[in-house]
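Some notes on the structure that comes next.
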Amino acid sequence: MKDFFVVAIAVMIFVIIFQIAKASEYVSVLKGEEKSAKQNNKINGFMLIGFLVFGLIGAWYCNHLYYGKTLFVQGSASVEGEEIDNMLFITIAVTGFIFVITQVLLFWFAFKYQRNDNRKAFFFPHNTKLELIWTTIPAIVLTVLVVFGLKHWFLITSDAPQDAVVVEITGHQFAWEMRYPGKDNVLGKIDYKLYNMPSGNNVAVDFADPASHDDIHVSANMHLPVGRPVKLVIHAQDVIHDVGLVHFRLKMDAVPGIPTTMWFTPKYTTEEMKVRTGNPNFVYEISCDQICGQGHFSMRGTIVVESEAEYRKWLAEQKPEYFTLFPDMDPEKMNHAKDTTKPVTIAQVMPVTH
Amino acid sequence: MSTVITSQENAAVASYDLHHEHHHHETFISKYVFSMDHKTIAKQFLITGIIWAIIGGFFSVIFRLQLGYPESTFPWLEDILGHWAAGGKLRPEFYYALVTMHGTVLVFFVLTAGLSGTFANFLIPLQIGARDMASPLLNMMSYWFFFLASVIMMSSLFVQTGPASGGWTIYPPLSALGDASLGSKIGMDLWLVSMAMFIVSSLLGGLNYITTILNMRTKGMSMTRMPLTIWALFFTAVLGVLSFPVLLSGAILLLFDRNLGTSFFLSDIIVAGKILPNEGGSAILFQHLFWFLGHPEVYIILLPAMGMASEILSVNSRKPIFGYMAMVGSLFAITILAFLVWAHHMFVTGLNPFLGSVFVLLTLLIAVPSAIKVFNWLTTLWRGNIRFTPGMLFAIGFVSLFISGGLTGIFLGNSALDIHLHDTYFVIAHFHIVMGVASFFGMFAGVYHWFPKMFGKYLNNTLAYIHFWVTIVGAYLIFWPMHYEGLAGMPRRYYDFANWESFKMFGGLNEFISVVSMIVFAAQLLFVFNFFYSIFKGRKVTSQNPWEANTLEWTTPVRPGHGNWVGEIPEVHRWAYDYGKDGRDFIPQNVPIGEDETTH
């Protein structure tokens with residue numbers, strides 16, 4: 001019944017608008033089209049200038065309302081992101097200036113030079129000097145923006161520092177897997193053909209590579225130390241995903257078959273961010289920023305940024321995946337075993353698929 | 001000029017037709033269905049485009065409902081959509097299908113076919129002084145391939161697994177693997193086949209437009225005397241002819257990957273627990289092929305709107321367009337640059353940083369010709385004598401939106417900023433304003449301006465003014481706030497933000513945007529009603545040149561027949577923009593240069 005009324009009211013409004021429109025057409029015929037055209041012109045002229053004034057006030061009001069939600073207040077949580085914030089500010093200032101000038105001119109000219117029978121339009125087909133001016137000025141402004149932009153771009157896309165903490169992150173529908181290289185600081189090789197969900201090897205690690213034996217595998221929640229560069233090695237298993245780190249101002253696609261990397265330096269621990277944002281529930285989130293299927297919006301990961309000591313403690317508590325998947329090899333359980341690294345038993349657990 | 005003369009003219013056209021084409025008997029089928037008259041084909045494109053626009057717009061209303069009210073249920077949705085909205089709540093699979101189809105339909109079917117198809121067909125012969133297109137047959141086939149593409153795309157909405165749902169950019173592997181998504185099953189094949197048909201349509205049309213403009217201009221109509229609409233449509237056609245084939249190749253390779261077991265875009269994939277044998281392909285390769293069309297596509301959509309806005313601004317300011325040669329030059333510069341910037345859509349794919357920097361430079365170069373155009377439009381208004389016809393208001397709105405959306409392009413083209421803003425609502429706001437709404441404004445301006453020539457009737461002015469004001473205010477209310485969401489990093493293509501600590505603070509704003517989008521959609525229905533009502537019941541056009549314009553289409557009879565002019569095609573003696581010259585309000589292009597006339 002409620003739906004019916006909504007539809008009925010909508011139809012009523014349509015009919016009323018139509019009747020008014022039709023009536024005004026008859027009125028304009030009676031009054032003389034010339035006269036009603038002039039009247040329409042006046043009304044629309046005022047509306048254009050009104051639109052400009054209310055529009056600019058509205059834009060200011062929007063700034064006032066949403067500035068606090070745009071992340072600028074809390075600042076970038078990574079050292080590299082600070083430069084991006086600075087550039088955003090500069091670009092907003094430059095484009096904002098051009099925006100106001102051009103919109104004011106547009107609506108002001110429209111209002112000021114509206115039809116007036118006492119005035120004739122000014123025949124002004126071209127002026128080379130003017131055209132050169134507004135070719136050159138944008139070119140100079142843009143050159144400045146490009147130079148600053150590329151400086152930051154090359155910094156952000158440069159190779160990560162040697163001492164960076166390396167974490168591998170793998171996207172699949174619709175979750176993230178993280179892998180830490182362990183004590184040897186080398187990630188074991190992965191080969192997608194070794195993927196074996198039933199056995200638990202869902203990152204497709206090649207356990208024949210001894211470097212993999214101390215690697216730590218965690219799902220969904222990444223731990224990082226504060227103040228040290230972090231290098232992410234990014235993989236995808238099925239479709240393209242994207243590691244979006246909104247607080248660090250970074251993102252990078254995860255592409256099947258083409259590993260990518262990105263690096264940054266976290267500035268604040270999660271606890272510090274809770275204070276900075278005034279939000280006790282604050283958490284660094286990893287969002288998938290490339291459409292990847294029906295669960296795209298739920299592909300959420302989190303990051304805990306903590307002090308170096310906390311990070312080390314957490315890392316020490318994690319058990320290498322190799323020992324989870326092959327308990328026989330775990331030195332804690334079988335400390336008498338001599339050939340713990342021998343990959344003989346792998347074939348029994350994981351049928352080789354290639 | 002009175003109605004009596006008009007009907008005499010129409011009679012004259014009829015006798016002209018009889019005299020010159022007595023072998024050609026027009027039946028309903030040949031006149032309205034398989035017509036080879038460019039004006040009828042233009043109307044076919046326009047009406048098909050309008051139907052698609054209603055459908056595509058309705059899709060957006062449905063998914064805005066989900067975004068605005070993620071926790072509510074709407075039982076009537078189930079009545080319309082069946083199991084896709086079981087319990088009155090849109091399913092995520094179908095949300096993504098709607099988002100995908102909204103993009104596909106509006107980008108290709110409405111703003112490419114509906115815009116270029118309509119106005120290139122309608123205006124090129126009329127404004128350059130030709131009786132029809134170079135090949136009326138190809139022209140007719142162009143429409144019917146578009147129709148076929150429409151039918152196939154429409155049918156994909158009704159298959160069991162639903163239409164394509166990987167986004168309008170259909171990046172593989174998501175679009176290549178049926179196991180990755182319901183929409184990547186048969187719906188995706190239909191999407192690709194439909195696009196192949198669409199590309200054929202676009203190529204047939206484009207070749208025809210280029211040939212007609214180059215070869216069939218009337219006596220005296222040198223290239224530099226052409227109205228800017230024709231220049232814009234010319235460059236649009238060049239863009240389409242050179243870039244659409246690349247998408248066709250991408251679509252065909254993707255069809256191979258999907259159905260024939262090839263690995264052009266696939267490598268190292270595990271999907272639904274299965275290890276695929278495909279190796280050696282590159283998912284990124286597809287993005288290069290897609291955006292090599294995809295970026296020029298933006299200008300295919302935008303240039304006709306620019307051309308029509310230039311023409312309408314000049315006519316209604318009663319002033320020549322300022323800097324005609326600079327306007328042509330900037331269109332040309334945009335056309336060239338449009339081919340050299342595609343990878344700015346791919347800054348975060350792991351692109352080589354040096355390559356990225358080249359694309360930054362080329363992308364931001366586009367701002368220069370764009371700035372020239374904006375300042376020239378502003379100067380055209382300066383010291384004019386402006387009449388606010390509905391077409392003029394939409395042209396002014398176009399300039400305003402082009403400025404707003406163009407400026408945010410400076411953020412996104414700068415790769416360092418794009419890292420943060422990529423795939424957020426900032427991008428949505430940017431491209432909807434600059435190529436979506438702005439091009440729609442150009443299209444509306446064109447429809448309001450040339451409707452009298454198309455149908456011999458006027459649209460209702462009051463409805464037109466309501467349409468304009470609701471649309472421009474609504475467009476800004478919808479898309480302006482999205483910039484803030486984007487700056488906060490809120491990702492696009494999310495079905496629900498409830499579980500995200502970082503993004504859930506925009507719930508109220510999303511609801512506001514959804515409400516406004518429904519109002520704006522209703523205003524478009526008002527336009528559609530006005531359009532169809534006025535075709536039949538609109539006020540009759542009694543004057544041959546109602547806007548007092550200079551271009552040749554206004555020298556034809558009020559309702560031109562097949563062949564456009566009765567008797568000889570007029571000869572052109574001047575450019576199209578002699579408004580306010582030597583104290584005369586306007587001097588049509590077919591008026592010879594007077595002896596004492598000043599040259600400019």
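So you can find residues: chains in the structure tokens are A, B, ... in the order shown, residues in each start at 1, and ligands are numbered from 1 in order.
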
Where does region 373-462 of chain B meet region 112-116 of chain A within 9 Å, residue by residue, with the nearest atom pair and distance in Å to one decimal for each, counting only C-alpha atoms, listed by chain and rising number, as a tab-separated table?
```
residue	atom	partner	partner_atom	distance
B:Leu381	CA	A:Tyr113	CA	7.3
B:Trp382	CA	A:Tyr113	CA	6.8
B:Arg383	CA	A:Tyr113	CA	5.6
B:Gly384	CA	A:Tyr113	CA	5.5
B:Asn385	CA	A:Arg115	CA	4.5
B:Ile386	CA	A:Gln114	CA	4.3
B:Arg387	CA	A:Arg115	CA	5.6
B:Phe388	CA	A:Gln114	CA	7.8
```

Sel. of helix (DSSP H, G or I) residues, region 59-270 of chain B, as an MDAnalysis selection string: chainID B and resid 59:68 75:88 92:128 136:156 182:184 186:215 223:225 228:259

Name all residues at most 8 Å from Val79 (chain A) (count only C-alpha atoms; drop same-chain ones fewer than 6 positions away) and give them as a ChimeraX atom specification. /A:264-267
